[in-house]
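K.L.:
Structure below; questions to follow.
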Amino acid sequence: MSDAVLFDARDDGIAIITLNRPESRNALGRDIRQGLFSAWDRFERDPSLRVAILTGAGEKAFCAGGDLKEMLELGLEVPPRDMFPVPGDNIELSKPTIAAVNGVAFAGGWMIAQACDLCVASTNAQFAVTEVKVGRSSPWAAPLIHMIPQRIMMEILLTGRPVSARRAYEIGLVNRLAEPADLMATALALAAEILEGAPLSVKAARETVMLSTEMGRSAALRAARHASEVAYRSADAKEGPCAFAEKRRPVWKG
């Protein structure tokens, strides 16, 4: 891992991934992009890690988006699909992810926060899809239609106007709000709640949500039932009811 993206693999099964270029507001320059590709790959491959938290160093920005100076130097027109690391697009993850947004998440910053499964934001965070302001486009925003109402999505994309953390929470983009000093503690608490669940059940639950956004009702039901069979047939499916009956905490084997 480079120092542009820090990776903290904790003993409790949580990985904290930190964009570490606060002097450039953690913009998605080449070093951060490469670091993120490596970080997501490391998280996915490590069986001891079950939840990842993505955040940004410094108080001003989670991520200010793409490096416009680099784009100008490269004469970049349509970005190649493998340029930016985006879970759910060019990165496949099977484990839950949480964006812990401090400061601004503009353009590509919104993109990588949106690509996480859950989002915790500090009260001073701001979100914006600013591409219309610089003559670019935001095809990556298409999945937003599964997160927020159509008319709100339309206004956000057409105007490029920033959305406050409170407004982002009200429209369903953000799961939890926290004071700036409590942001990481809030994200860790949410991750800890996920870790309390049986690993295979958590995986099946995540797959169910993903399938539901991709398919119609009947197809999603069939696919979700198939995705849940591993959890149903696991030792943990017996351990859970036993622990409940014996009034103790379950010991998950995964």
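Residues are named by chain letter and number: chains run A, B, ... in the order of the structure tokens, numbers start at 1 in each chain, and ligands are numbered from 1 in the order shown.
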For A:Ala231, find every residue with an atom within 10 Å (counting only C-alpha atoms), except residues of its own chain fewer than 5 positions away, and show them as a VMD selection string.
P.N.:
chain A and resid 198 to 205 236 to 237 254
K.L.:
Stretch 24-224 of chain A: which residues are strand (DSSP E or B) by DSSP, as a PyMOL selection string?
P.N.:
chain A and resi 28+51-56+61-63+66+87+91+97-101+104-106+118-122+126-128+163-164+176-178
K.L.:
Skipping near chain neighbours, those fewer than 4 positions away, what residues fall within 10 Å of A:Gly108 using only C-alpha atoms, listed as a list in words?
P.N.:
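In the requested format, the answer is Ala27, Leu28, Cys63, Ala64, Gly65, Gly66, Asp67, Phe84, Val86, Ile112, Ala113, Gln114, Ala128, Val129, Thr130, Glu131, Ser138, Trp140 and Ala141 of chain A.
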K.L.:
Excluding A:Thr208 and any residue of its chain fewer than 4 positions from it, enumerate the residues within 8 Å of it, using only C-alpha atoms, and give them as a count of residues only.
P.N.:
6
K.L.:
Could you pull the residues within 9 Å of A:Met184, counting only C-alpha atoms, minus those fewer than 2 positions along the same chain, as a ChimeraX atom specification?
P.N.:
/A:53,55,100,120,178,180-182,186-189
K.L.:
With distances taken over only C-alpha atoms, which residue among A:Gly29, A:Ala185, A:Ala52, A:Tyr169 lies nearest A:Glu70?
P.N.:
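Checking each of A:Gly29, A:Ala185, A:Ala52, A:Tyr169 against A:Glu70, counting only C-alpha atoms, the winner is A:Gly29.
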K.L.:
A:Leu157: which residues within 12 Å, counting only C-alpha atoms, same-chain residues fewer than 2 positions away excluded, as a PyMOL selection string?
P.N.:
chain A and resi 106-107+110+127-133+136-142+144-145+150-155+159-163
K.L.:
Restricting it to C-alpha atoms, dump the selection as a short mmCIF file (atom, residue, chain, number, x, y, z; two decimals), in the first residue's frame.
P.N.:
data_model
loop_
_atom_site.label_atom_id
_atom_site.label_comp_id
_atom_site.auth_asym_id
_atom_site.auth_seq_id
_atom_site.Cartn_x
_atom_site.Cartn_y
_atom_site.Cartn_z
CA PHE A 106 -18.15 16.22 -4.63
CA ALA A 107 -18.34 14.55 -8.07
CA TRP A 110 -19.92 11.38 -4.18
CA PHE A 127 -22.50 16.22 -1.18
CA ALA A 128 -22.67 17.38 -4.79
CA VAL A 129 -22.66 15.98 -8.32
CA THR A 130 -20.83 18.93 -9.87
CA GLU A 131 -20.16 17.62 -13.38
CA VAL A 132 -22.55 20.07 -15.05
CA LYS A 133 -20.40 22.91 -13.66
CA ARG A 136 -18.34 16.68 -17.68
CA SER A 137 -20.98 13.98 -17.10
CA SER A 138 -21.96 11.60 -14.32
CA PRO A 139 -23.13 8.24 -15.71
CA TRP A 140 -21.93 6.64 -12.47
CA ALA A 141 -24.88 8.36 -10.73
CA ALA A 142 -27.43 6.05 -12.41
CA LEU A 144 -28.96 6.75 -7.32
CA ILE A 145 -32.45 6.04 -8.62
CA GLN A 150 -36.42 10.67 -9.06
CA ARG A 151 -37.21 14.38 -8.83
CA ILE A 152 -34.59 14.92 -6.15
CA MET A 153 -32.03 13.03 -8.21
CA MET A 154 -32.97 15.14 -11.23
CA GLU A 155 -32.42 18.40 -9.35
CA THR A 159 -28.04 21.97 -10.87
CA GLY A 160 -24.81 20.65 -9.36
CA ARG A 161 -25.84 22.41 -6.16
CA PRO A 162 -24.36 20.98 -2.92
CA VAL A 163 -26.60 19.08 -0.54
#
K.L.:
Could you please determine the separation between atom CA of A:Leu211 and atom CA of A:Leu93 in Å, to one decimal place?
P.N.:
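According to the coordinates, atom CA of A:Leu211 and atom CA of A:Leu93 are separated by 13.8 Å.
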K.L.:
Nearest to A:Leu54 among A:Arg176, A:Thr123, A:Phe7, A:Asp12, with distances taken over only C-alpha atoms: which residue is it?
P.N.:
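The closest residue to A:Leu54 is A:Phe7.
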K.L.:
Suppose you want the space between atom CA of A:Glu246 and atom CA of A:Tyr232; what is it in Å?
P.N.:
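The value is 20.3 Å.
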K.L.:
Going by DSSP on the backbone, which residues of stretch 74-212 of chain A come out as helix (DSSP H, G or I)? List them as number ranges by chain.
P.N.:
A: 74, 108-114, 131-133, 139-146, 150-159, 165-170, 180-195, 199-212
K.L.:
Got time to write the residues from that selection, C-alpha atoms, as a PDB file, in the first residue's frame?
P.N.:
ATOM      1  CA  LEU A  74      -4.188  13.828 -20.275  1.00  0.00           C
ATOM      2  CA  GLY A 108     -16.046  11.508  -7.849  1.00  0.00           C
ATOM      3  CA  GLY A 109     -16.155  11.862  -4.071  1.00  0.00           C
ATOM      4  CA  TRP A 110     -19.921  11.384  -4.181  1.00  0.00           C
ATOM      5  CA  MET A 111     -19.327   8.498  -6.607  1.00  0.00           C
ATOM      6  CA  ILE A 112     -17.135   6.488  -4.224  1.00  0.00           C
ATOM      7  CA  ALA A 113     -19.351   7.277  -1.222  1.00  0.00           C
ATOM      8  CA  GLN A 114     -22.420   6.198  -3.198  1.00  0.00           C
ATOM      9  CA  GLU A 131     -20.157  17.616 -13.378  1.00  0.00           C
ATOM     10  CA  VAL A 132     -22.547  20.074 -15.052  1.00  0.00           C
ATOM     11  CA  LYS A 133     -20.401  22.907 -13.660  1.00  0.00           C
ATOM     12  CA  PRO A 139     -23.133   8.236 -15.714  1.00  0.00           C
ATOM     13  CA  TRP A 140     -21.935   6.635 -12.467  1.00  0.00           C
ATOM     14  CA  ALA A 141     -24.876   8.357 -10.725  1.00  0.00           C
ATOM     15  CA  ALA A 142     -27.426   6.048 -12.410  1.00  0.00           C
ATOM     16  CA  PRO A 143     -27.759   3.747  -9.341  1.00  0.00           C
ATOM     17  CA  LEU A 144     -28.956   6.754  -7.316  1.00  0.00           C
ATOM     18  CA  ILE A 145     -32.451   6.037  -8.618  1.00  0.00           C
ATOM     19  CA  HIS A 146     -32.544   3.089  -6.195  1.00  0.00           C
ATOM     20  CA  GLN A 150     -36.423  10.667  -9.063  1.00  0.00           C
ATOM     21  CA  ARG A 151     -37.214  14.381  -8.835  1.00  0.00           C
ATOM     22  CA  ILE A 152     -34.589  14.923  -6.149  1.00  0.00           C
ATOM     23  CA  MET A 153     -32.034  13.032  -8.209  1.00  0.00           C
ATOM     24  CA  MET A 154     -32.969  15.138 -11.227  1.00  0.00           C
ATOM     25  CA  GLU A 155     -32.424  18.402  -9.348  1.00  0.00           C
ATOM     26  CA  ILE A 156     -29.092  17.266  -7.903  1.00  0.00           C
ATOM     27  CA  LEU A 157     -27.713  16.265 -11.312  1.00  0.00           C
ATOM     28  CA  LEU A 158     -29.139  19.212 -13.268  1.00  0.00           C
ATOM     29  CA  THR A 159     -28.041  21.966 -10.872  1.00  0.00           C
ATOM     30  CA  ALA A 165     -25.497  16.380   5.412  1.00  0.00           C
ATOM     31  CA  ARG A 166     -28.905  16.938   7.023  1.00  0.00           C
ATOM     32  CA  ARG A 167     -30.630  17.052   3.629  1.00  0.00           C
ATOM     33  CA  ALA A 168     -28.707  13.958   2.486  1.00  0.00           C
ATOM     34  CA  TYR A 169     -30.005  12.164   5.580  1.00  0.00           C
ATOM     35  CA  GLU A 170     -33.570  13.323   4.945  1.00  0.00           C
ATOM     36  CA  PRO A 180     -17.412  15.750  13.285  1.00  0.00           C
ATOM     37  CA  ALA A 181     -15.512  14.492  16.335  1.00  0.00           C
ATOM     38  CA  ASP A 182     -17.807  11.471  16.582  1.00  0.00           C
ATOM     39  CA  LEU A 183     -17.805  10.441  12.906  1.00  0.00           C
ATOM     40  CA  MET A 184     -15.436   7.487  13.120  1.00  0.00           C
ATOM     41  CA  ALA A 185     -16.910   6.279  16.402  1.00  0.00           C
ATOM     42  CA  THR A 186     -20.357   6.298  14.770  1.00  0.00           C
ATOM     43  CA  ALA A 187     -19.083   4.403  11.723  1.00  0.00           C
ATOM     44  CA  LEU A 188     -17.333   1.867  13.943  1.00  0.00           C
ATOM     45  CA  ALA A 189     -20.508   1.395  15.986  1.00  0.00           C
ATOM     46  CA  LEU A 190     -22.468   0.678  12.806  1.00  0.00           C
ATOM     47  CA  ALA A 191     -19.776  -1.775  11.673  1.00  0.00           C
ATOM     48  CA  ALA A 192     -19.905  -3.457  15.091  1.00  0.00           C
ATOM     49  CA  GLU A 193     -23.666  -3.951  14.720  1.00  0.00           C
ATOM     50  CA  ILE A 194     -23.048  -5.735  11.414  1.00  0.00           C
ATOM     51  CA  LEU A 195     -20.332  -7.881  12.999  1.00  0.00           C
ATOM     52  CA  PRO A 199     -21.242 -13.936   8.657  1.00  0.00           C
ATOM     53  CA  LEU A 200     -23.095 -16.068   6.116  1.00  0.00           C
ATOM     54  CA  SER A 201     -26.400 -14.436   7.026  1.00  0.00           C
ATOM     55  CA  VAL A 202     -24.879 -10.977   6.568  1.00  0.00           C
ATOM     56  CA  LYS A 203     -23.517 -12.026   3.181  1.00  0.00           C
ATOM     57  CA  ALA A 204     -26.924 -13.378   2.127  1.00  0.00           C
ATOM     58  CA  ALA A 205     -28.648 -10.204   3.342  1.00  0.00           C
ATOM     59  CA  ARG A 206     -26.285  -8.026   1.327  1.00  0.00           C
ATOM     60  CA  GLU A 207     -26.809 -10.179  -1.769  1.00  0.00           C
ATOM     61  CA  THR A 208     -30.577  -9.938  -1.303  1.00  0.00           C
ATOM     62  CA  VAL A 209     -30.417  -6.131  -1.390  1.00  0.00           C
ATOM     63  CA  MET A 210     -28.153  -6.171  -4.439  1.00  0.00           C
ATOM     64  CA  LEU A 211     -30.344  -8.640  -6.302  1.00  0.00           C
ATOM     65  CA  SER A 212     -33.450  -6.621  -5.483  1.00  0.00           C
TER      66      SER A 212
END
K.L.:
To one decimal in Å, tell me the separation between atom CA of A:Ser38 and atom CA of A:Val5.
P.N.:
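Atom CA of A:Val5 lies at a distance of 9.0 Å from atom CA of A:Ser38.
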K.L.:
Show me, as a tab-separated table, the residues of stretch 87-191 of chain A having an atom within 9 Å of stretch 45-50 of chain A, each with the closest atom pair and its distance in Å, using only C-alpha atoms.
P.N.:
residue	atom	partner	partner_atom	distance
A:Lys95	CA	A:Arg50	CA	6.0
A:Pro96	CA	A:Arg50	CA	7.1
A:Thr97	CA	A:Arg50	CA	8.9
A:Ala191	CA	A:Arg50	CA	9.0
